[in-house]
file model-v8.txt (compact mmCIF, C-alpha atoms)
# COMPACT_ATOMS: atom_id res chain seq x y z
CA MET K 1217 164.43 12.45 17.02
CA ILE K 1218 164.63 15.72 18.93
CA HIS K 1219 168.19 16.87 19.65
CA PHE K 1220 168.98 19.03 22.69
CA ASN K 1221 172.16 20.70 23.82
CA LEU K 1222 172.13 20.05 27.56
CA GLU K 1223 175.59 21.29 28.47
CA LYS K 1224 173.58 23.80 30.51
CA PRO K 1225 170.17 23.15 32.08
CA VAL K 1226 167.03 23.83 30.08
CA ARG K 1227 165.10 27.02 30.77
CA LEU K 1228 161.82 26.14 32.46
CA ALA K 1229 158.82 28.40 31.86
CA PHE K 1230 155.91 26.59 33.52
CA ALA K 1231 155.15 23.13 34.94
CA GLY K 1232 152.14 21.45 36.49
CA GLU K 1233 149.84 18.44 36.62
CA PHE K 1234 146.49 18.34 34.82
CA ASN K 1235 143.54 16.05 35.50
CA SER K 1236 140.81 16.43 32.88
CA PRO K 1237 137.10 16.58 33.75
CA GLU K 1238 135.13 13.35 33.54
CA ARG K 1239 133.77 14.15 30.09
CA GLY K 1240 133.75 16.78 27.40
CA TRP K 1241 137.35 17.97 27.76
CA LYS K 1242 139.45 18.73 24.70
CA HIS K 1243 142.88 20.37 24.68
CA LEU K 1244 142.73 24.05 23.75
CA THR K 1245 143.98 25.41 20.44
CA ARG K 1246 146.95 27.78 20.67
CA GLU K 1247 150.39 28.73 19.41
CA LEU K 1248 153.13 26.84 21.28
CA THR K 1249 156.23 29.01 21.56
CA ASP K 1250 158.38 26.61 23.65
CA TYR K 1251 158.84 22.87 23.81
CA GLU K 1252 156.15 21.12 25.84
CA LEU K 1253 156.71 17.78 27.55
CA MET K 1254 153.59 15.85 28.57
CA ILE K 1255 153.87 12.67 30.65
CA VAL K 1256 150.58 10.78 30.74
CA THR K 1257 149.87 8.82 33.93
CA GLU K 1258 146.18 7.98 33.39
CA GLY K 1259 143.88 7.65 30.39
CA GLU K 1260 144.73 8.86 26.89
CA LEU K 1261 145.64 12.32 25.60
CA ARG K 1262 144.53 13.23 22.07
CA ILE K 1263 146.49 16.18 20.73
CA GLY K 1264 148.03 17.37 17.49
CA ASP K 1265 149.89 20.07 15.56
CA GLU K 1266 149.83 21.21 11.92
CA ASN K 1267 151.69 18.06 10.84
CA GLN K 1268 150.43 15.17 12.94
CA ASP K 1269 147.83 13.90 15.41
CA TYR K 1270 149.03 12.10 18.54
CA SER K 1271 147.46 9.53 20.83
CA VAL K 1272 149.44 9.41 24.09
CA ARG K 1273 148.43 6.68 26.54
CA ALA K 1274 149.25 6.15 30.21
CA GLY K 1275 152.91 5.19 30.53
CA GLU K 1276 153.92 7.31 27.54
CA TYR K 1277 155.29 10.82 27.07
CA LEU K 1278 155.17 13.33 24.23
CA ILE K 1279 157.48 16.26 23.47
CA MET K 1280 155.89 18.80 21.14
CA SER K 1281 158.16 21.26 19.37
CA PRO K 1282 157.12 24.90 18.96
CA THR K 1283 154.13 25.09 16.62
CA ARG K 1284 151.52 27.59 15.47
CA PHE K 1285 148.71 25.06 15.84
CA GLN K 1286 148.73 22.94 18.97
CA HIS K 1287 145.20 21.62 19.41
CA GLY K 1288 143.09 18.86 20.86
CA THR K 1289 142.01 16.39 18.20
CA GLU K 1290 139.26 14.66 20.20
CA GLU K 1291 137.56 14.81 23.56
CA CYS K 1292 139.46 12.64 26.04
CA LYS K 1293 139.86 11.72 29.71
CA CYS K 1294 143.42 11.78 30.98
CA ARG K 1295 145.86 12.89 33.63
CA PHE K 1296 149.35 14.12 32.85
CA PHE K 1297 152.34 16.10 34.04
CA TRP K 1298 153.29 18.97 31.75
CA MET K 1299 156.09 21.49 31.43
CA HIS K 1300 157.08 24.19 28.94
CA PHE K 1301 160.80 24.71 28.43
CA SER K 1302 163.37 25.98 25.95
CA ALA K 1303 166.82 24.63 25.12
CA PRO K 1304 169.34 24.99 22.28
CA ASP K 1305 169.14 22.13 19.82
CA PHE K 1306 172.72 21.99 18.48
CA PRO K 1307 175.31 20.72 19.14
CA ALA K 1308 173.27 17.89 20.55
CA SER K 1309 174.20 16.26 23.85
CA LEU K 1310 170.94 14.31 24.17
CA SER K 1311 168.64 12.89 21.52
CA LEU K 1312 165.15 11.75 22.41
CA SER K 1313 162.25 10.32 20.47
CA PRO K 1314 159.38 12.85 20.40
CA GLN K 1315 157.02 10.16 21.69
CA GLY K 1316 157.88 7.13 23.78
CA LYS K 1317 157.29 5.00 26.82
CA PHE K 1318 158.77 5.58 30.26
CA MET K 1319 159.84 2.69 32.44
CA ASP K 1320 159.75 3.94 36.02
CA GLY K 1321 156.57 5.83 36.85
CA LYS K 1322 157.50 6.11 40.51
CA ARG K 1323 160.79 7.81 39.67
CA ILE K 1324 159.03 10.21 37.28
CA SER K 1325 156.47 11.09 39.95
CA GLU K 1326 159.21 11.69 42.54
CA LEU K 1327 161.06 14.03 40.18
CA MET K 1328 157.88 15.93 39.43
CA GLN K 1329 156.97 16.35 43.09
CA THR K 1330 160.48 17.64 43.78
CA LEU K 1331 160.11 20.01 40.83
CA PHE K 1332 156.82 21.38 42.16
CA LEU K 1333 158.44 22.00 45.53
CA ALA K 1334 161.35 23.79 43.87
CA GLU K 1335 158.89 25.89 41.86
CA SER K 1336 157.05 26.88 45.03
CA GLU K 1337 160.34 28.20 46.42
CA GLN K 1338 161.56 29.96 43.26
CA ARG K 1339 159.56 29.84 40.06
CA GLY K 1340 161.74 29.05 37.07
CA GLY K 1341 164.79 28.95 39.31
CA LEU K 1342 168.04 27.15 38.68
CA ARG K 1343 167.03 24.10 40.73
CA SER K 1344 163.82 23.72 38.70
CA CYS K 1345 165.75 23.97 35.44
CA TYR K 1346 168.17 21.26 36.54
CA LEU K 1347 165.28 19.01 37.62
CA VAL K 1348 163.63 19.25 34.20
CA THR K 1349 167.01 18.56 32.59
CA GLU K 1350 167.37 15.49 34.81
CA LEU K 1351 163.90 14.39 33.77
CA LEU K 1352 164.88 14.50 30.10
CA PHE K 1353 167.94 12.34 30.82
CA GLU K 1354 165.68 9.99 32.81
CA LEU K 1355 163.38 9.56 29.81
CA ALA K 1356 166.33 9.06 27.48
CA GLY K 1357 168.14 6.60 29.74
CA ARG K 1358 165.30 4.51 31.17
CA GLY K 1359 162.67 5.12 28.55
CA GLY K 1360 162.80 7.02 25.29
CA LEU K 1361 161.42 4.02 23.41
CA LYS K 1362 159.13 4.62 20.49
CA ALA K 1363 155.57 3.87 21.46
CA ASP K 1364 155.42 0.78 19.26
CA GLU K 1365 158.71 -0.70 20.48
CA THR K 1366 159.01 -3.45 23.08
CA PRO K 1367 160.17 -2.08 26.46
CA LEU K 1368 163.38 -3.21 28.08
CA GLY K 1369 163.24 -6.82 29.20
CA ALA K 1370 162.53 -7.58 32.82
CA ALA K 1371 166.11 -8.72 33.43
CA GLN K 1372 167.62 -5.54 32.02
CA ALA K 1373 165.14 -3.37 33.93
CA LEU K 1374 166.09 -5.21 37.13
CA CYS K 1375 169.80 -4.61 36.44
CA GLU K 1376 169.11 -0.90 35.95
CA ARG K 1377 167.50 -0.84 39.39
CA VAL K 1378 170.53 -2.64 40.83
CA LYS K 1379 172.94 -0.12 39.28
CA ALA K 1380 170.88 2.83 40.48
CA LEU K 1381 170.85 1.43 44.02
CA ALA K 1382 174.59 0.69 43.86
CA ALA K 1383 175.22 4.29 42.74
CA SER K 1384 173.22 5.68 45.65
CA ARG K 1385 175.16 3.51 48.14
CA ARG K 1386 178.58 3.79 46.54
CA PHE K 1387 180.15 5.32 49.66
CA THR K 1388 178.82 2.69 52.06
CA GLY K 1389 180.56 -0.47 50.88
CA VAL K 1390 177.19 -1.99 49.96
CA GLN K 1391 177.17 -5.77 49.58
CA VAL K 1392 175.29 -8.05 47.19
CA LYS K 1393 173.02 -9.36 49.94
CA GLU K 1394 172.02 -5.83 50.98
CA ILE K 1395 170.96 -4.97 47.43
CA ALA K 1396 169.12 -8.27 47.06
CA ASP K 1397 167.25 -7.71 50.32
CA GLU K 1398 166.41 -4.14 49.35
CA LEU K 1399 164.93 -5.26 46.02
CA GLY K 1400 163.25 -8.37 47.41
CA TYR K 1401 165.30 -11.05 45.63
CA HIS K 1402 167.50 -13.93 46.73
CA GLU K 1403 171.13 -12.89 46.33
CA LYS K 1404 172.07 -15.93 44.21
CA TYR K 1405 169.20 -15.28 41.81
CA LEU K 1406 169.99 -11.58 41.55
CA SER K 1407 173.68 -12.30 40.98
CA ALA K 1408 172.86 -14.81 38.24
CA VAL K 1409 170.54 -12.38 36.44
CA PHE K 1410 173.08 -9.57 36.67
CA ARG K 1411 175.94 -11.70 35.33
CA LYS K 1412 173.88 -13.04 32.43
CA THR K 1413 172.63 -9.56 31.48
CA GLU K 1414 175.68 -7.39 32.16
CA GLY K 1415 178.50 -9.89 31.52
CA ILE K 1416 180.07 -9.27 34.93
CA THR K 1417 179.32 -10.60 38.38
CA LEU K 1418 177.46 -8.24 40.68
CA LYS K 1419 180.23 -8.57 43.27
CA SER K 1420 182.82 -7.51 40.68
CA TYR K 1421 180.63 -4.65 39.52
CA LEU K 1422 180.33 -3.30 43.06
CA SER K 1423 184.09 -3.62 43.55
CA LYS K 1424 184.79 -1.75 40.32
CA ARG K 1425 182.42 1.06 41.33
CA ARG K 1426 184.15 1.36 44.70
CA THR K 1427 187.58 1.31 43.08
CA ALA K 1428 186.57 4.01 40.63
CA GLU K 1429 185.47 6.24 43.51
CA ALA K 1430 188.78 5.55 45.26
CA ARG K 1431 190.78 6.50 42.15
CA HIS K 1432 188.81 9.71 41.82
CA LEU K 1433 189.37 10.69 45.46
CA LEU K 1434 193.06 9.85 45.28
CA SER K 1435 193.49 11.82 42.07
CA GLU K 1436 191.25 14.82 42.63
CA THR K 1437 191.38 15.51 46.37
CA ASP K 1438 193.96 16.04 49.07
CA PHE K 1439 192.25 13.69 51.53
CA THR K 1440 194.64 11.34 53.29
CA VAL K 1441 194.48 7.63 52.50
CA ALA K 1442 192.91 7.07 55.92
CA GLU K 1443 190.25 9.71 55.27
CA ILE K 1444 189.44 8.17 51.90
CA ALA K 1445 189.20 4.73 53.51
CA TYR K 1446 186.60 5.92 56.01
CA PHE K 1447 184.82 7.96 53.32
CA LEU K 1448 184.36 4.77 51.28
CA GLY K 1449 183.02 2.79 54.22
CA PHE K 1450 186.15 0.82 55.19
CA ASP K 1451 186.53 0.31 58.93
CA ASP K 1452 190.32 0.34 58.69
CA PRO K 1453 192.80 2.03 56.28
CA HIS K 1454 194.75 -1.23 56.00
CA ASN K 1455 191.65 -3.01 54.70
CA PHE K 1456 191.24 -0.25 52.13
CA SER K 1457 194.86 -0.58 51.04
CA ARG K 1458 194.53 -4.35 50.64
CA PHE K 1459 191.30 -3.92 48.66
CA PHE K 1460 192.81 -1.28 46.37
CA LYS K 1461 195.99 -3.27 45.73
CA HIS K 1462 193.92 -6.35 44.89
CA GLU K 1463 191.93 -4.34 42.33
CA GLU K 1464 194.67 -2.09 40.92
CA GLY K 1465 197.91 -3.96 41.60
CA ILE K 1466 199.38 -1.07 43.58
CA THR K 1467 198.66 0.55 46.94
CA PRO K 1468 196.68 3.81 47.23
CA SER K 1469 199.87 5.67 48.16
CA GLU K 1470 201.70 4.30 45.12
CA PHE K 1471 198.76 5.27 42.91
CA ARG K 1472 198.86 8.83 44.25
CA ASP K 1473 202.64 9.00 43.81
CA LYS K 1474 202.28 7.98 40.16
CA ARG K 1475 199.81 10.80 39.67
CA ASP K 1476 202.40 13.27 40.91

call {"tool": "encode", "arguments": {"input": "model-v8.txt", "output": "structure tokens"}}
result
Amino acid sequence: MIHFNLEKPVRLAFAGEFNSPERGWKHLTRELTDYELMIVTEGELRIGDENQDYSVRAGEYLIMSPTRFQHGTEECKCRFFWMHFSAPDFPASLSLSPQGKFMDGKRISELMQTLFLAESEQRGGLRSCYLVTELLFELAGRGGLKADETPLGAAQALCERVKALAASRRFTGVQVKEIADELGYHEKYLSAVFRKTEGITLKSYLSKRRTAEARHLLSETDFTVAEIAYFLGFDDPHNFSRFFKHEEGITPSEFRDKRD
């Protein structure tokens, strides 16, 4: 495992996308002074260092640590995103297998395109550094599997998509049917899969997320109860109060008074 301290964003040096020629291409030989992350989207990358040779196929990533002898081991045809970065290694706040599979190629591509745009505006800037840091967490959270391990099951992968969508809509009062429609599933089927996989009904999960946001706003802001109600997508403060009391056993005002 590679251990990174990500209490602060990594320091990005360079990033890009490489598409090898049709034939005859072999990775150059050089000293690698930073970490390099390579995310292969097509073909197979053949590369090595002084200790090991790697075969990285489409749908896999590789993080190479600084080495005196990064080199291509064979001619190959491939396409991959790449980035050079540095980060402290201890104390570790994220541990990641040096080579693994990634689950969501679309998400990876979106992050990379956003990174390239950020780089065009300010090379090596703070936004770019945070985007690469987010990418590492993405690989650790949704991927980070050793290349010979079985990926997450379809049910668990679907639940991860549900939770990501719920997080993005957490201020809208999103309902089960809306998520099911968005993902292209019948709501009863999606609810059944979520309950079997996560041990909680999807409706309860959404309520708990909404309640957690309400507790945070009541504890950490000076918004009025009415403002918080509208912020969380309730059409009426009384509906918000009833919802919160059902979930927490006390009204929003009583919760805030207890904090004080």

call {"tool": "closest_atom_pairs", "arguments": {"input": "model-v8.txt", "of": "segment 1406-1425 of chain K", "to": "segment 1387-1398 of chain K", "cutoff": "9 Å", "atoms": "all atoms listed in the file", "output": "Markdown table"}}
result
| residue | atom | partner | partner_atom | distance |
| --- | --- | --- | --- | --- |
| K:Leu1406 | CA | K:Ala1396 | CA | 6.5 |
| K:Ser1407 | CA | K:Val1392 | CA | 7.7 |
| K:Leu1418 | CA | K:Val1392 | CA | 6.9 |
| K:Lys1419 | CA | K:Val1392 | CA | 6.3 |
| K:Leu1422 | CA | K:Gln1391 | CA | 7.7 |
| K:Ser1423 | CA | K:Gly1389 | CA | 8.7 |

call {"tool": "closest_residue", "arguments": {"input": "model-v8.txt", "among": "K:Leu1253, K:Leu1261, K:Ile1416, K:Cys1294", "to": "Glu1238 of chain K", "atoms": "only C-alpha atoms"}}
result
K:Cys1294

call {"tool": "residues_around", "arguments": {"input": "model-v8.txt", "residues": "Ala1231 of chain K", "least_positions_apart": "3", "cutoff": "9 Å", "atoms": "all atoms listed in the file", "output": "PyMOL selection string"}}
result
chain K and resi 1228+1297-1301+1328+1331-1332+1335

call {"tool": "write_last_selection", "arguments": {"input": "model-v8.txt", "atoms": "C-alpha atoms", "output": "short mmCIF file (atom, residue, chain, number, x, y, z; two decimals), in the frame of the given file"}}
result
data_model
loop_
_atom_site.label_atom_id
_atom_site.label_comp_id
_atom_site.auth_asym_id
_atom_site.auth_seq_id
_atom_site.Cartn_x
_atom_site.Cartn_y
_atom_site.Cartn_z
CA LEU K 1228 161.82 26.14 32.46
CA PHE K 1297 152.34 16.10 34.04
CA TRP K 1298 153.29 18.97 31.75
CA MET K 1299 156.09 21.49 31.43
CA HIS K 1300 157.08 24.19 28.94
CA PHE K 1301 160.80 24.71 28.43
CA MET K 1328 157.88 15.93 39.43
CA LEU K 1331 160.11 20.01 40.83
CA PHE K 1332 156.82 21.38 42.16
CA GLU K 1335 158.89 25.89 41.86
#

call {"tool": "closest_residue", "arguments": {"input": "model-v8.txt", "among": "K:Ser1469, K:Gln1268, K:Thr1330, K:Ser1336", "to": "Glu1350 of chain K", "atoms": "all atoms listed in the file"}}
result
K:Thr1330

call {"tool": "closest_residue", "arguments": {"input": "model-v8.txt", "among": "K:Arg1472, K:Lys1224, K:Lys1242, K:His1219", "to": "Ser1281 of chain K", "atoms": "all atoms listed in the file"}}
result
K:His1219

call {"tool": "residues_around", "arguments": {"input": "model-v8.txt", "residues": "Pro1453 of chain K", "least_positions_apart": "4", "cutoff": "7 Å", "atoms": "all atoms listed in the file", "output": "PDB file with C-alpha atoms, keeping the file's coordinate frame"}}
result
ATOM      1  CA  VAL K1441     194.480   7.630  52.500  1.00  0.00           C
ATOM      2  CA  ALA K1442     192.910   7.070  55.920  1.00  0.00           C
ATOM      3  CA  ALA K1445     189.200   4.730  53.510  1.00  0.00           C
ATOM      4  CA  SER K1457     194.860  -0.580  51.040  1.00  0.00           C
TER       5      SER K1457
END

call {"tool": "closest_residue", "arguments": {"input": "model-v8.txt", "among": "K:Ser1311, K:Thr1413, K:Thr1437, K:Thr1283", "to": "Thr1249 of chain K", "atoms": "all atoms listed in the file"}}
result
K:Thr1283

call {"tool": "residues_around", "arguments": {"input": "model-v8.txt", "residues": "Ala1334 of chain K", "least_positions_apart": "6", "cutoff": "12 Å", "atoms": "only C-alpha atoms", "output": "PyMOL selection string"}}
result
chain K and resi 1228+1231+1327-1328+1340-1348

call {"tool": "atom_distance", "arguments": {"input": "model-v8.txt", "atom1": "atom CA of Gly1400 of chain K", "atom2": "atom CA of Leu1381 of chain K"}}
result
12.9 Å

call {"tool": "closest_residue", "arguments": {"input": "model-v8.txt", "among": "K:Ala1356, K:Gly1275, K:Asp1265, K:Leu1248", "to": "Phe1220 of chain K", "atoms": "only C-alpha atoms"}}
result
K:Ala1356

call {"tool": "atom_distance", "arguments": {"input": "model-v8.txt", "atom1": "atom CA of Ser1236 of chain K", "atom2": "atom CA of Cys1292 of chain K"}}
result
7.9 Å

call {"tool": "residues_near_point", "arguments": {"input": "model-v8.txt", "point": "(200.3, 15.1, 43.9)", "cutoff": "12 Å", "atoms": "all atoms listed in the file", "output": "list of chain:residue names"}}
result
K:Leu1433, K:Leu1434, K:Ser1435, K:Glu1436, K:Thr1437, K:Asp1438, K:Phe1439, K:Thr1440, K:Ser1469, K:Glu1470, K:Phe1471, K:Arg1472, K:Asp1473, K:Lys1474, K:Arg1475, K:Asp1476

call {"tool": "write_last_selection", "arguments": {"input": "model-v8.txt", "atoms": "C-alpha atoms", "output": "PDB file, in the coordinates of the input"}}
result
ATOM      1  CA  LEU K1433     189.370  10.690  45.460  1.00  0.00           C
ATOM      2  CA  LEU K1434     193.060   9.850  45.280  1.00  0.00           C
ATOM      3  CA  SER K1435     193.490  11.820  42.070  1.00  0.00           C
ATOM      4  CA  GLU K1436     191.250  14.820  42.630  1.00  0.00           C
ATOM      5  CA  THR K1437     191.380  15.510  46.370  1.00  0.00           C
ATOM      6  CA  ASP K1438     193.960  16.040  49.070  1.00  0.00           C
ATOM      7  CA  PHE K1439     192.250  13.690  51.530  1.00  0.00           C
ATOM      8  CA  THR K1440     194.640  11.340  53.290  1.00  0.00           C
ATOM      9  CA  SER K1469     199.870   5.670  48.160  1.00  0.00           C
ATOM     10  CA  GLU K1470     201.700   4.300  45.120  1.00  0.00           C
ATOM     11  CA  PHE K1471     198.760   5.270  42.910  1.00  0.00           C
ATOM     12  CA  ARG K1472     198.860   8.830  44.250  1.00  0.00           C
ATOM     13  CA  ASP K1473     202.640   9.000  43.810  1.00  0.00           C
ATOM     14  CA  LYS K1474     202.280   7.980  40.160  1.00  0.00           C
ATOM     15  CA  ARG K1475     199.810  10.800  39.670  1.00  0.00           C
ATOM     16  CA  ASP K1476     202.400  13.270  40.910  1.00  0.00           C
TER      17      ASP K1476
END

call {"tool": "residues_around", "arguments": {"input": "model-v8.txt", "residues": "Ile1263 of chain K", "least_positions_apart": "4", "cutoff": "8 Å", "atoms": "all atoms listed in the file", "output": "MDAnalysis selection string"}}
result
chainID K and resid 1243 1269:1271 1286:1290

call {"tool": "build_atoms", "arguments": {"input": "model-v8.txt", "residues": "segment 1242-1253 of chain K", "atoms": "all heavy atoms", "output": "PDB file, keeping the file's coordinate frame"}}
result
ATOM      1  N   LYS K1242     138.616  18.788  25.904  1.00  0.00           N
ATOM      2  CA  LYS K1242     139.450  18.730  24.700  1.00  0.00           C
ATOM      3  C   LYS K1242     140.525  19.786  24.846  1.00  0.00           C
ATOM      4  O   LYS K1242     140.245  20.918  25.272  1.00  0.00           O
ATOM      5  CB  LYS K1242     138.574  19.011  23.465  1.00  0.00           C
ATOM      6  CG  LYS K1242     139.263  18.816  22.133  1.00  0.00           C
ATOM      7  CD  LYS K1242     138.250  19.047  21.015  1.00  0.00           C
ATOM      8  CE  LYS K1242     138.868  18.870  19.654  1.00  0.00           C
ATOM      9  NZ  LYS K1242     137.867  19.116  18.564  1.00  0.00           N
ATOM     10  N   HIS K1243     141.772  19.420  24.525  1.00  0.00           N
ATOM     11  CA  HIS K1243     142.880  20.370  24.680  1.00  0.00           C
ATOM     12  C   HIS K1243     142.622  21.628  23.863  1.00  0.00           C
ATOM     13  O   HIS K1243     142.134  21.568  22.737  1.00  0.00           O
ATOM     14  CB  HIS K1243     144.190  19.711  24.241  1.00  0.00           C
ATOM     15  CG  HIS K1243     145.410  20.433  24.703  1.00  0.00           C
ATOM     16  ND1 HIS K1243     145.852  21.599  24.108  1.00  0.00           N
ATOM     17  CD2 HIS K1243     146.306  20.168  25.701  1.00  0.00           C
ATOM     18  CE1 HIS K1243     146.954  22.021  24.709  1.00  0.00           C
ATOM     19  NE2 HIS K1243     147.249  21.173  25.681  1.00  0.00           N
ATOM     20  N   LEU K1244     142.967  22.780  24.427  1.00  0.00           N
ATOM     21  CA  LEU K1244     142.730  24.050  23.750  1.00  0.00           C
ATOM     22  C   LEU K1244     143.604  24.184  22.507  1.00  0.00           C
ATOM     23  O   LEU K1244     144.624  23.500  22.356  1.00  0.00           O
ATOM     24  CB  LEU K1244     142.955  25.221  24.701  1.00  0.00           C
ATOM     25  CG  LEU K1244     144.333  25.365  25.396  1.00  0.00           C
ATOM     26  CD1 LEU K1244     145.364  25.998  24.476  1.00  0.00           C
ATOM     27  CD2 LEU K1244     144.197  26.196  26.664  1.00  0.00           C
ATOM     28  N   THR K1245     143.217  25.093  21.636  1.00  0.00           N
ATOM     29  CA  THR K1245     143.980  25.410  20.440  1.00  0.00           C
ATOM     30  C   THR K1245     144.792  26.685  20.697  1.00  0.00           C
ATOM     31  O   THR K1245     144.262  27.674  21.180  1.00  0.00           O
ATOM     32  CB  THR K1245     143.049  25.636  19.234  1.00  0.00           C
ATOM     33  OG1 THR K1245     142.319  24.426  18.989  1.00  0.00           O
ATOM     34  CG2 THR K1245     143.840  26.014  17.991  1.00  0.00           C
ATOM     35  N   ARG K1246     146.089  26.643  20.386  1.00  0.00           N
ATOM     36  CA  ARG K1246     146.950  27.780  20.670  1.00  0.00           C
ATOM     37  C   ARG K1246     148.244  27.678  19.881  1.00  0.00           C
ATOM     38  O   ARG K1246     148.559  26.629  19.293  1.00  0.00           O
ATOM     39  CB  ARG K1246     147.278  27.845  22.159  1.00  0.00           C
ATOM     40  CG  ARG K1246     148.098  26.652  22.631  1.00  0.00           C
ATOM     41  CD  ARG K1246     148.381  26.724  24.106  1.00  0.00           C
ATOM     42  NE  ARG K1246     149.031  25.507  24.578  1.00  0.00           N
ATOM     43  CZ  ARG K1246     149.249  25.233  25.862  1.00  0.00           C
ATOM     44  NH1 ARG K1246     148.856  26.081  26.790  1.00  0.00           N
ATOM     45  NH2 ARG K1246     149.851  24.116  26.221  1.00  0.00           N
ATOM     46  N   GLU K1247     149.027  28.757  19.917  1.00  0.00           N
ATOM     47  CA  GLU K1247     150.390  28.730  19.410  1.00  0.00           C
ATOM     48  C   GLU K1247     151.311  28.295  20.545  1.00  0.00           C
ATOM     49  O   GLU K1247     151.227  28.823  21.655  1.00  0.00           O
ATOM     50  CB  GLU K1247     150.816  30.093  18.899  1.00  0.00           C
ATOM     51  CG  GLU K1247     152.244  30.121  18.352  1.00  0.00           C
ATOM     52  CD  GLU K1247     152.645  31.480  17.810  1.00  0.00           C
ATOM     53  OE1 GLU K1247     151.820  32.417  17.884  1.00  0.00           O
ATOM     54  OE2 GLU K1247     153.792  31.610  17.324  1.00  0.00           O
ATOM     55  N   LEU K1248     152.179  27.332  20.292  1.00  0.00           N
ATOM     56  CA  LEU K1248     153.130  26.840  21.280  1.00  0.00           C
ATOM     57  C   LEU K1248     154.490  27.440  20.966  1.00  0.00           C
ATOM     58  O   LEU K1248     155.087  27.129  19.937  1.00  0.00           O
ATOM     59  CB  LEU K1248     153.192  25.302  21.245  1.00  0.00           C
ATOM     60  CG  LEU K1248     154.116  24.615  22.244  1.00  0.00           C
ATOM     61  CD1 LEU K1248     153.649  24.864  23.674  1.00  0.00           C
ATOM     62  CD2 LEU K1248     154.188  23.110  21.963  1.00  0.00           C
ATOM     63  N   THR K1249     154.981  28.302  21.851  1.00  0.00           N
ATOM     64  CA  THR K1249     156.230  29.010  21.560  1.00  0.00           C
ATOM     65  C   THR K1249     157.467  28.322  22.128  1.00  0.00           C
ATOM     66  O   THR K1249     158.581  28.645  21.729  1.00  0.00           O
ATOM     67  CB  THR K1249     156.162  30.448  22.122  1.00  0.00           C
ATOM     68  OG1 THR K1249     155.897  30.398  23.527  1.00  0.00           O
ATOM     69  CG2 THR K1249     155.043  31.230  21.442  1.00  0.00           C
ATOM     70  N   ASP K1250     157.275  27.386  23.081  1.00  0.00           N
ATOM     71  CA  ASP K1250     158.380  26.610  23.650  1.00  0.00           C
ATOM     72  C   ASP K1250     158.145  25.131  23.352  1.00  0.00           C
ATOM     73  O   ASP K1250     157.142  24.743  22.763  1.00  0.00           O
ATOM     74  CB  ASP K1250     158.453  26.800  25.173  1.00  0.00           C
ATOM     75  CG  ASP K1250     158.785  28.221  25.567  1.00  0.00           C
ATOM     76  OD1 ASP K1250     159.648  28.820  24.904  1.00  0.00           O
ATOM     77  OD2 ASP K1250     158.181  28.721  26.531  1.00  0.00           O
ATOM     78  N   TYR K1251     159.101  24.290  23.778  1.00  0.00           N
ATOM     79  CA  TYR K1251     158.840  22.870  23.810  1.00  0.00           C
ATOM     80  C   TYR K1251     157.855  22.581  24.945  1.00  0.00           C
ATOM     81  O   TYR K1251     157.863  23.261  25.978  1.00  0.00           O
ATOM     82  CB  TYR K1251     160.123  22.080  24.081  1.00  0.00           C
ATOM     83  CG  TYR K1251     161.105  22.070  22.937  1.00  0.00           C
ATOM     84  CD1 TYR K1251     162.203  22.925  22.931  1.00  0.00           C
ATOM     85  CD2 TYR K1251     160.941  21.205  21.855  1.00  0.00           C
ATOM     86  CE1 TYR K1251     163.119  22.922  21.886  1.00  0.00           C
ATOM     87  CE2 TYR K1251     161.850  21.188  20.807  1.00  0.00           C
ATOM     88  CZ  TYR K1251     162.931  22.054  20.828  1.00  0.00           C
ATOM     89  OH  TYR K1251     163.814  22.042  19.788  1.00  0.00           O
ATOM     90  N   GLU K1252     157.001  21.570  24.748  1.00  0.00           N
ATOM     91  CA  GLU K1252     156.150  21.120  25.840  1.00  0.00           C
ATOM     92  C   GLU K1252     156.306  19.611  25.998  1.00  0.00           C
ATOM     93  O   GLU K1252     156.165  18.852  25.035  1.00  0.00           O
ATOM     94  CB  GLU K1252     154.675  21.438  25.626  1.00  0.00           C
ATOM     95  CG  GLU K1252     153.821  21.010  26.817  1.00  0.00           C
ATOM     96  CD  GLU K1252     152.353  21.386  26.721  1.00  0.00           C
ATOM     97  OE1 GLU K1252     151.927  21.851  25.647  1.00  0.00           O
ATOM     98  OE2 GLU K1252     151.633  21.208  27.718  1.00  0.00           O
ATOM     99  N   LEU K1253     156.613  19.196  27.214  1.00  0.00           N
ATOM    100  CA  LEU K1253     156.710  17.780  27.550  1.00  0.00           C
ATOM    101  C   LEU K1253     155.468  17.398  28.338  1.00  0.00           C
ATOM    102  O   LEU K1253     155.129  18.034  29.335  1.00  0.00           O
ATOM    103  CB  LEU K1253     157.960  17.520  28.401  1.00  0.00           C
ATOM    104  CG  LEU K1253     158.075  16.138  29.066  1.00  0.00           C
ATOM    105  CD1 LEU K1253     158.113  15.023  28.023  1.00  0.00           C
ATOM    106  CD2 LEU K1253     159.324  16.082  29.949  1.00  0.00           C
TER     107      LEU K1253
END
